[in-house]
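Enquirer: Supplied in structure tokens, the structure appears directly below.
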Amino acid sequence: MAWFKRQNKGILTPTENKKEAPDGLWYKTPNGKIIHMRELKQNAYVSPDDEYHVRIGSKEYFEILFDDNKFTELDKDMSSGDPLNFVDSKPYPARIKQSQEKTELKDAVRAAHGKMNGLDLCIACMDFSFIGGSMGSVVGEKIARAIDYSIKKKVPFLMISKSGGARMMEAGFSLMQMAKTSAKLAQLSEAKIPYISLLTDPTTGGVTASYAMLGDFNIAEPGALIGFAGPRVIRETIGKDLPKGFQSAEFVLDHGFLDFIVDRRQLKTKLTSLLKMLK
């Protein structure tokens, strides 16, 4: 019966011979729930144990929404210039190049057109991993051109917002994108083409103050942070404690700024139903 007893004491395995699980196999939610990445992907990046919606980017949203992940990307090589010769801890062009290499993206938004359950759709989706999803001149221009495509082809437009707000390295050029995208959306409205705005975690600053809140339908994912200024700034400005759940999607819905909240696993079905009703 010695098979279950350790015969030799003090057995040590050299570090180079230890077998460890590769990084990225598991995901731990803020609530402490652990899920395998394969299961998470199959569940539209929503943790089934606590319904936590993991922050994802344009690659994942396109996979979820476009049929068979087939789409044609618009203006995919557009990249930011440096109109102000901006330098903080590093020159702005160096920061752009570093972000492009790290994320394999050209900027903080990607636009594409394809079919969703057989319906034609144009989508512009922001990526928070690229300088916090900040809105610069390229973001505004790509969204404007995506809207132009929707008007020309008469297809509905879906905007998926995920941003920390305007990009400080472009200052006034960044703020100008608020007016430009809003004007383009007015043209889309005049053409009577549906515009659905999906607000995801987080949607803040100038993005909230412009195109994110101008949809024919403004919808959001559960638990998404939605607001203009941060809670600390607001608290210091008004000198009062903020309500519980302030700036969550559920709070914003209760106060009339959203039409409904949709679980990401039902997003494609809900959008399809909505667009069919709008035909």
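Here, A, B, ... name the chains of the structure tokens in the order displayed, residue numbers run from 1 inside each chain, and ligands are numbered from 1 in the same displayed order.
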As a PyMOL selection string, please: every residue in region 182-219 of chain A that DSSP puts in alpha helix (DSSP H).

Expert: chain A and resi 182-190+205-208

Enquirer: Distance table requested - region 65-119 of chain A against region 245-267 of chain A, cut-off 12 Å, only C-alpha atoms: one row per qualifying residue with the closest atom pair and its distance in Å to one decimal, ordered by chain and rising residue number, as a tab-separated table.

Expert:
residue	atom	partner	partner_atom	distance
A:Leu65	CA	A:Leu267	CA	7.9
A:Phe66	CA	A:Leu267	CA	11.5
A:Met116	CA	A:Leu267	CA	10.9
A:Asn117	CA	A:Leu267	CA	11.7

Enquirer: Calculated over only C-alpha atoms, which of the candidates A:Ala212, A:Leu74, A:Met176, A:Ile131 has the smallest distance to Gln100 (chain A)?

Expert: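 Of the candidates, the smallest distance to Gln100 (chain A) is held by A:Ile131.
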
Enquirer: Within 8 Å of Leu198 (chain A), counting only C-alpha atoms, which residues show up once you throw out same-chain ones fewer than 2 positions away? Write them as a tab-separated table (two decimals) with N, CA and C atoms, in the first residue's frame, please.

Expert:
chain	number	residue	atom	x	y	z
A	158	LEU	N	-25.57	51.62	-37.40
A	158	LEU	CA	-25.41	51.27	-35.98
A	158	LEU	C	-24.09	51.83	-35.47
A	159	MET	N	-24.15	52.62	-34.40
A	159	MET	CA	-22.96	53.16	-33.77
A	159	MET	C	-22.76	52.47	-32.42
A	160	ILE	N	-21.60	51.84	-32.24
A	160	ILE	CA	-21.28	51.20	-30.96
A	160	ILE	C	-20.22	52.05	-30.27
A	161	SER	N	-20.63	52.75	-29.23
A	161	SER	CA	-19.72	53.69	-28.55
A	161	SER	C	-19.06	53.05	-27.34
A	196	ILE	N	-29.32	53.53	-34.93
A	196	ILE	CA	-29.37	52.94	-33.60
A	196	ILE	C	-28.02	53.18	-32.92
A	200	THR	N	-21.87	51.26	-24.72
A	200	THR	CA	-21.26	50.18	-23.96
A	200	THR	C	-20.32	50.77	-22.92
A	212	ALA	N	-23.44	59.61	-29.51
A	212	ALA	CA	-23.90	58.46	-28.73
A	212	ALA	C	-25.33	58.62	-28.24
A	218	ASN	N	-31.70	54.79	-28.55
A	218	ASN	CA	-30.50	54.75	-27.73
A	218	ASN	C	-30.60	53.55	-26.80
A	219	ILE	N	-29.71	52.59	-26.98
A	219	ILE	CA	-29.76	51.37	-26.17
A	219	ILE	C	-28.40	51.16	-25.52
A	220	ALA	N	-28.34	50.28	-24.52
A	220	ALA	CA	-27.09	50.07	-23.80
A	220	ALA	C	-26.98	48.63	-23.33
A	221	GLU	N	-25.77	48.24	-22.98
A	221	GLU	CA	-25.54	46.94	-22.38
A	221	GLU	C	-25.69	47.04	-20.86

Enquirer: So that I can check the surroundings of region 188-190 of chain A, please list as a list of chain:residue names every protein, DNA and RNA residue that reaches within 10 Å of it, counting only C-alpha atoms and ignoring chain neighbours fewer than 3 positions away.

Expert: A:Ile147, A:Asp148, A:Ser150, A:Ile151, A:Lys152, A:Lys154, A:Pro156, A:Phe157, A:Ser182, A:Ala183, A:Lys184, A:Leu185, A:Ile193, A:Pro194, A:Tyr195, A:Gly215, A:Asp216

Enquirer: Limited to N, CA and C atoms, could you put the picked residues into a file as a short mmCIF file (atom, residue, chain, number, x, y, z; two decimals), in the first residue's frame?

Expert:
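Generated file (again.cif):
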data_model
loop_
_atom_site.label_atom_id
_atom_site.label_comp_id
_atom_site.auth_asym_id
_atom_site.auth_seq_id
_atom_site.Cartn_x
_atom_site.Cartn_y
_atom_site.Cartn_z
N ILE A 147 -21.53 57.19 -42.13
CA ILE A 147 -22.89 57.74 -42.27
C ILE A 147 -23.17 58.07 -43.73
N ASP A 148 -22.18 58.63 -44.42
CA ASP A 148 -22.32 58.91 -45.85
C ASP A 148 -22.64 57.64 -46.63
N SER A 150 -24.14 54.97 -45.44
CA SER A 150 -25.52 54.59 -45.13
C SER A 150 -26.52 55.41 -45.93
N ILE A 151 -26.23 56.70 -46.08
CA ILE A 151 -27.14 57.57 -46.85
C ILE A 151 -27.13 57.18 -48.32
N LYS A 152 -25.94 56.94 -48.87
CA LYS A 152 -25.80 56.60 -50.29
C LYS A 152 -26.47 55.27 -50.61
N LYS A 154 -28.61 53.69 -48.56
CA LYS A 154 -29.91 53.59 -47.88
C LYS A 154 -29.97 52.36 -46.97
N PRO A 156 -29.45 50.99 -42.80
CA PRO A 156 -29.43 51.47 -41.41
C PRO A 156 -28.00 51.58 -40.88
N PHE A 157 -27.84 52.48 -39.91
CA PHE A 157 -26.53 52.74 -39.33
C PHE A 157 -26.55 52.40 -37.84
N SER A 182 -22.61 65.11 -35.52
CA SER A 182 -24.02 65.47 -35.26
C SER A 182 -24.69 65.99 -36.52
N ALA A 183 -23.96 66.79 -37.31
CA ALA A 183 -24.50 67.31 -38.58
C ALA A 183 -24.75 66.18 -39.57
N LYS A 184 -23.84 65.21 -39.61
CA LYS A 184 -24.02 64.06 -40.50
C LYS A 184 -25.24 63.24 -40.09
N LEU A 185 -25.45 63.10 -38.78
CA LEU A 185 -26.60 62.34 -38.30
C LEU A 185 -27.92 63.06 -38.63
N ILE A 193 -33.35 57.36 -42.70
CA ILE A 193 -32.63 56.09 -42.54
C ILE A 193 -32.41 55.85 -41.04
N PRO A 194 -32.75 54.67 -40.54
CA PRO A 194 -32.66 54.40 -39.10
C PRO A 194 -31.23 54.50 -38.56
N TYR A 195 -31.13 55.07 -37.36
CA TYR A 195 -29.86 55.15 -36.65
C TYR A 195 -30.05 54.59 -35.25
N GLY A 215 -29.35 58.78 -31.24
CA GLY A 215 -29.96 57.71 -32.01
C GLY A 215 -31.47 57.82 -32.08
N ASP A 216 -32.04 57.24 -33.13
CA ASP A 216 -33.50 57.06 -33.15
C ASP A 216 -33.88 56.14 -31.99
#

Enquirer: Could you work out how far CA of Gly133 (chain A) lies from CA of Gly227 (chain A), giving the answer in Å with one decimal?

Expert: 14.8 Å

Enquirer: Check the smallest atom-to-atom distance from each of A:Ser129, A:Ser80, A:Thr103, A:Gln98 to Glu170 (chain A) using only C-alpha atoms, then report the winner.

Expert: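 Smallest distance to Glu170 (chain A) is found for A:Ser80.
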
Enquirer: Name the residues in contact with Glu39 (chain A) at a cut-off of 12 Å, using only C-alpha atoms, excluding same-chain residues fewer than 4 positions from it; report them as a ChimeraX atom specification.

Expert: /A:25-27,34-35,43-49

Enquirer: Next, write the just-selected residues to a file, as a PDB file, in the first residue's frame, keeping N, CA, C and O atoms as the atom set.

Expert:
ATOM      1  N   LEU A  25      -5.996  31.724 -20.605  1.00  0.00           N
ATOM      2  CA  LEU A  25      -6.951  30.623 -20.714  1.00  0.00           C
ATOM      3  C   LEU A  25      -8.215  30.876 -19.903  1.00  0.00           C
ATOM      4  O   LEU A  25      -9.286  30.376 -20.228  1.00  0.00           O
ATOM      5  N   TRP A  26      -8.084  31.658 -18.836  1.00  0.00           N
ATOM      6  CA  TRP A  26      -9.198  31.888 -17.932  1.00  0.00           C
ATOM      7  C   TRP A  26      -9.439  33.376 -17.761  1.00  0.00           C
ATOM      8  O   TRP A  26      -8.537  34.188 -17.896  1.00  0.00           O
ATOM      9  N   TYR A  27     -10.701  33.712 -17.460  1.00  0.00           N
ATOM     10  CA  TYR A  27     -11.057  35.115 -17.196  1.00  0.00           C
ATOM     11  C   TYR A  27     -11.759  35.194 -15.849  1.00  0.00           C
ATOM     12  O   TYR A  27     -12.645  34.385 -15.548  1.00  0.00           O
ATOM     13  N   ILE A  34     -14.896  32.808 -12.207  1.00  0.00           N
ATOM     14  CA  ILE A  34     -13.856  32.405 -13.158  1.00  0.00           C
ATOM     15  C   ILE A  34     -14.482  31.560 -14.262  1.00  0.00           C
ATOM     16  O   ILE A  34     -15.265  30.651 -13.993  1.00  0.00           O
ATOM     17  N   ILE A  35     -14.124  31.886 -15.496  1.00  0.00           N
ATOM     18  CA  ILE A  35     -14.684  31.185 -16.651  1.00  0.00           C
ATOM     19  C   ILE A  35     -13.589  30.967 -17.691  1.00  0.00           C
ATOM     20  O   ILE A  35     -12.699  31.809 -17.858  1.00  0.00           O
ATOM     21  N   ASN A  43     -20.222  32.451 -25.300  1.00  0.00           N
ATOM     22  CA  ASN A  43     -21.330  33.104 -24.612  1.00  0.00           C
ATOM     23  C   ASN A  43     -21.348  34.606 -24.871  1.00  0.00           C
ATOM     24  O   ASN A  43     -21.850  35.386 -24.060  1.00  0.00           O
ATOM     25  N   ALA A  44     -20.790  35.021 -26.033  1.00  0.00           N
ATOM     26  CA  ALA A  44     -20.755  36.433 -26.451  1.00  0.00           C
ATOM     27  C   ALA A  44     -20.024  37.302 -25.428  1.00  0.00           C
ATOM     28  O   ALA A  44     -20.367  38.463 -25.231  1.00  0.00           O
ATOM     29  N   TYR A  45     -19.028  36.730 -24.784  1.00  0.00           N
ATOM     30  CA  TYR A  45     -18.191  37.432 -23.801  1.00  0.00           C
ATOM     31  C   TYR A  45     -19.027  37.969 -22.626  1.00  0.00           C
ATOM     32  O   TYR A  45     -18.806  39.069 -22.131  1.00  0.00           O
ATOM     33  N   VAL A  46     -19.991  37.139 -22.210  1.00  0.00           N
ATOM     34  CA  VAL A  46     -20.791  37.434 -21.018  1.00  0.00           C
ATOM     35  C   VAL A  46     -20.596  36.280 -20.044  1.00  0.00           C
ATOM     36  O   VAL A  46     -20.805  35.114 -20.408  1.00  0.00           O
ATOM     37  N   SER A  47     -20.220  36.583 -18.809  1.00  0.00           N
ATOM     38  CA  SER A  47     -20.036  35.550 -17.799  1.00  0.00           C
ATOM     39  C   SER A  47     -21.396  34.998 -17.380  1.00  0.00           C
ATOM     40  O   SER A  47     -22.241  35.750 -16.878  1.00  0.00           O
ATOM     41  N   PRO A  48     -21.639  33.703 -17.571  1.00  0.00           N
ATOM     42  CA  PRO A  48     -22.967  33.153 -17.248  1.00  0.00           C
ATOM     43  C   PRO A  48     -23.279  33.125 -15.755  1.00  0.00           C
ATOM     44  O   PRO A  48     -24.444  33.113 -15.361  1.00  0.00           O
ATOM     45  N   ASP A  49     -22.256  33.134 -14.920  1.00  0.00           N
ATOM     46  CA  ASP A  49     -22.484  33.040 -13.474  1.00  0.00           C
ATOM     47  C   ASP A  49     -22.982  34.341 -12.859  1.00  0.00           C
ATOM     48  O   ASP A  49     -23.753  34.325 -11.897  1.00  0.00           O
TER      49      ASP A  49
END

Enquirer: Can you tell me, as a ChimeraX atom specification, what residues are no more than 10 Å from Gly164 (chain A) when counting only C-alpha atoms, ignoring any on the same chain fewer than 5 positions away?

Expert: /A:128,131-135,201-208,227-230

Enquirer: Could you please take those selected residues and save N, CA and C atoms as a JSON list (two decimals), in the first residue's frame?

Expert:
[["chain", "number", "residue", "atom", "x", "y", "z"],
["A", 128, "PHE", "N", -11.86, 50.69, -27.11],
["A", 128, "PHE", "CA", -11.32, 51.37, -25.93],
["A", 128, "PHE", "C", -9.82, 51.11, -25.77],
["A", 131, "ILE", "N", -5.90, 54.15, -27.06],
["A", 131, "ILE", "CA", -5.87, 55.43, -26.33],
["A", 131, "ILE", "C", -7.23, 55.71, -25.67],
["A", 132, "GLY", "N", -7.74, 54.71, -24.96],
["A", 132, "GLY", "CA", -8.97, 54.88, -24.21],
["A", 132, "GLY", "C", -10.19, 55.17, -25.07],
["A", 133, "GLY", "N", -10.16, 54.71, -26.33],
["A", 133, "GLY", "CA", -11.30, 54.97, -27.22],
["A", 133, "GLY", "C", -11.55, 56.45, -27.44],
["A", 134, "SER", "N", -10.48, 57.25, -27.31],
["A", 134, "SER", "CA", -10.65, 58.71, -27.39],
["A", 134, "SER", "C", -11.03, 59.15, -28.80],
["A", 135, "MET", "N", -11.85, 60.20, -28.86],
["A", 135, "MET", "CA", -12.36, 60.71, -30.13],
["A", 135, "MET", "C", -11.44, 61.79, -30.68],
["A", 201, "ASP", "N", -19.71, 49.91, -22.14],
["A", 201, "ASP", "CA", -18.88, 50.36, -21.01],
["A", 201, "ASP", "C", -17.45, 50.68, -21.42],
["A", 202, "PRO", "N", -16.98, 51.93, -21.18],
["A", 202, "PRO", "CA", -17.72, 53.11, -20.74],
["A", 202, "PRO", "C", -18.02, 54.01, -21.95],
["A", 203, "THR", "N", -19.06, 54.84, -21.82],
["A", 203, "THR", "CA", -19.33, 55.87, -22.83],
["A", 203, "THR", "C", -19.42, 57.20, -22.10],
["A", 204, "THR", "N", -18.43, 58.06, -22.30],
["A", 204, "THR", "CA", -18.34, 59.29, -21.50],
["A", 204, "THR", "C", -17.90, 60.47, -22.37],
["A", 205, "GLY", "N", -17.87, 61.64, -21.74],
["A", 205, "GLY", "CA", -17.32, 62.85, -22.35],
["A", 205, "GLY", "C", -18.05, 63.29, -23.61],
["A", 206, "GLY", "N", -17.26, 63.81, -24.56],
["A", 206, "GLY", "CA", -17.81, 64.38, -25.78],
["A", 206, "GLY", "C", -18.55, 63.38, -26.65],
["A", 207, "VAL", "N", -18.25, 62.10, -26.50],
["A", 207, "VAL", "CA", -18.97, 61.07, -27.27],
["A", 207, "VAL", "C", -20.41, 60.99, -26.77],
["A", 208, "THR", "N", -20.59, 60.98, -25.44],
["A", 208, "THR", "CA", -21.94, 61.00, -24.86],
["A", 208, "THR", "C", -22.67, 62.27, -25.26],
["A", 227, "GLY", "N", -22.03, 58.52, -19.02],
["A", 227, "GLY", "CA", -22.08, 59.85, -18.42],
["A", 227, "GLY", "C", -21.26, 60.84, -19.20],
["A", 228, "PHE", "N", -21.24, 62.07, -18.72],
["A", 228, "PHE", "CA", -20.41, 63.10, -19.35],
["A", 228, "PHE", "C", -19.14, 63.29, -18.52],
["A", 229, "ALA", "N", -19.23, 64.01, -17.41],
["A", 229, "ALA", "CA", -18.09, 64.15, -16.51],
["A", 229, "ALA", "C", -18.07, 62.98, -15.53],
["A", 230, "GLY", "N", -16.91, 62.73, -14.93],
["A", 230, "GLY", "CA", -16.77, 61.65, -13.97],
["A", 230, "GLY", "C", -17.46, 61.96, -12.65]]

Enquirer: Which residue out of A:Lys276, A:Lys192, A:Lys33, A:Arg145 has the minimum interatomic distance to Tyr52 (chain A) when only C-alpha atoms are used?

Expert: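 Closest residue, counting only C-alpha atoms: A:Lys33.
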
Enquirer: With DSSP run on the backbone, what are the strand (DSSP E) residues within region 69-141 of chain A? I'd like them as a ChimeraX atom specification.

Expert: /A:71-74,109-116,119-126

Enquirer: Take the residues just selected and output them with N, CA and C atoms as an mmCIF file, in the first residue's frame.

Expert:
data_model
loop_
_atom_site.group_PDB
_atom_site.id
_atom_site.type_symbol
_atom_site.label_atom_id
_atom_site.label_comp_id
_atom_site.auth_asym_id
_atom_site.auth_seq_id
_atom_site.Cartn_x
_atom_site.Cartn_y
_atom_site.Cartn_z
ATOM 1 N N PHE A 71 -17.738 40.890 -43.738
ATOM 2 C CA PHE A 71 -18.019 42.322 -43.842
ATOM 3 C C PHE A 71 -16.947 42.987 -44.693
ATOM 4 N N THR A 72 -17.253 44.198 -45.124
ATOM 5 C CA THR A 72 -16.286 45.001 -45.879
ATOM 6 C C THR A 72 -15.960 46.232 -45.054
ATOM 7 N N GLU A 73 -14.703 46.388 -44.696
ATOM 8 C CA GLU A 73 -14.316 47.511 -43.844
ATOM 9 C C GLU A 73 -14.158 48.787 -44.674
ATOM 10 N N LEU A 74 -14.550 49.906 -44.086
ATOM 11 C CA LEU A 74 -14.466 51.211 -44.747
ATOM 12 C C LEU A 74 -13.284 52.011 -44.208
ATOM 13 N N VAL A 109 -11.684 53.685 -33.875
ATOM 14 C CA VAL A 109 -12.962 53.251 -34.427
ATOM 15 C C VAL A 109 -12.729 52.487 -35.717
ATOM 16 N N ARG A 110 -13.582 51.488 -35.956
ATOM 17 C CA ARG A 110 -13.584 50.769 -37.230
ATOM 18 C C ARG A 110 -15.005 50.809 -37.777
ATOM 19 N N ALA A 111 -15.115 50.986 -39.077
ATOM 20 C CA ALA A 111 -16.421 51.020 -39.727
ATOM 21 C C ALA A 111 -16.470 49.937 -40.801
ATOM 22 N N ALA A 112 -17.630 49.309 -40.930
ATOM 23 C CA ALA A 112 -17.775 48.232 -41.912
ATOM 24 C C ALA A 112 -19.246 48.070 -42.284
ATOM 25 N N HIS A 113 -19.475 47.455 -43.436
ATOM 26 C CA HIS A 113 -20.838 47.132 -43.836
ATOM 27 C C HIS A 113 -20.920 45.665 -44.214
ATOM 28 N N GLY A 114 -22.095 45.092 -43.981
ATOM 29 C CA GLY A 114 -22.308 43.688 -44.272
ATOM 30 C C GLY A 114 -23.760 43.346 -44.013
ATOM 31 N N LYS A 115 -24.026 42.073 -43.726
ATOM 32 C CA LYS A 115 -25.404 41.644 -43.466
ATOM 33 C C LYS A 115 -25.533 41.090 -42.053
ATOM 34 N N MET A 116 -26.657 41.417 -41.418
ATOM 35 C CA MET A 116 -26.984 40.907 -40.090
ATOM 36 C C MET A 116 -28.317 40.186 -40.202
ATOM 37 N N LEU A 119 -30.070 41.180 -43.275
ATOM 38 C CA LEU A 119 -30.373 42.601 -43.467
ATOM 39 C C LEU A 119 -29.094 43.405 -43.661
ATOM 40 N N ASP A 120 -29.097 44.330 -44.616
ATOM 41 C CA ASP A 120 -27.938 45.193 -44.830
ATOM 42 C C ASP A 120 -27.773 46.143 -43.642
ATOM 43 N N LEU A 121 -26.528 46.331 -43.213
ATOM 44 C CA LEU A 121 -26.256 47.180 -42.050
ATOM 45 C C LEU A 121 -24.852 47.755 -42.138
ATOM 46 N N CYS A 122 -24.711 49.016 -41.738
ATOM 47 C CA CYS A 122 -23.397 49.654 -41.635
ATOM 48 C C CYS A 122 -23.128 49.891 -40.146
ATOM 49 N N ILE A 123 -21.968 49.468 -39.675
ATOM 50 C CA ILE A 123 -21.622 49.581 -38.258
ATOM 51 C C ILE A 123 -20.323 50.366 -38.092
ATOM 52 N N ALA A 124 -20.318 51.309 -37.158
ATOM 53 C CA ALA A 124 -19.081 51.947 -36.705
ATOM 54 C C ALA A 124 -18.910 51.562 -35.246
ATOM 55 N N CYS A 125 -17.783 50.953 -34.912
ATOM 56 C CA CYS A 125 -17.572 50.440 -33.557
ATOM 57 C C CYS A 125 -16.263 50.973 -32.989
ATOM 58 N N MET A 126 -16.312 51.519 -31.779
ATOM 59 C CA MET A 126 -15.134 52.087 -31.129
ATOM 60 C C MET A 126 -14.362 51.015 -30.362
#

Enquirer: Have a look at A:Ala224, A:Val138, A:Leu242, A:Ala108 and name the one nearest to Phe173 (chain A); count only C-alpha atoms.

Expert: A:Val138

Enquirer: Of the candidates A:Arg95, A:Lys142, A:His53, A:Lys279, which one gets nearest to Pro30 (chain A) if we count only C-alpha atoms?

Expert: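 When distances to Pro30 (chain A) are compared using only C-alpha atoms, the smallest one comes from A:His53.
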
Enquirer: For CA of Ala144 (chain A) and CA of Thr181 (chain A), determine how far apart the two atoms are, in Å to one decimal place.

Expert: 5.6 Å
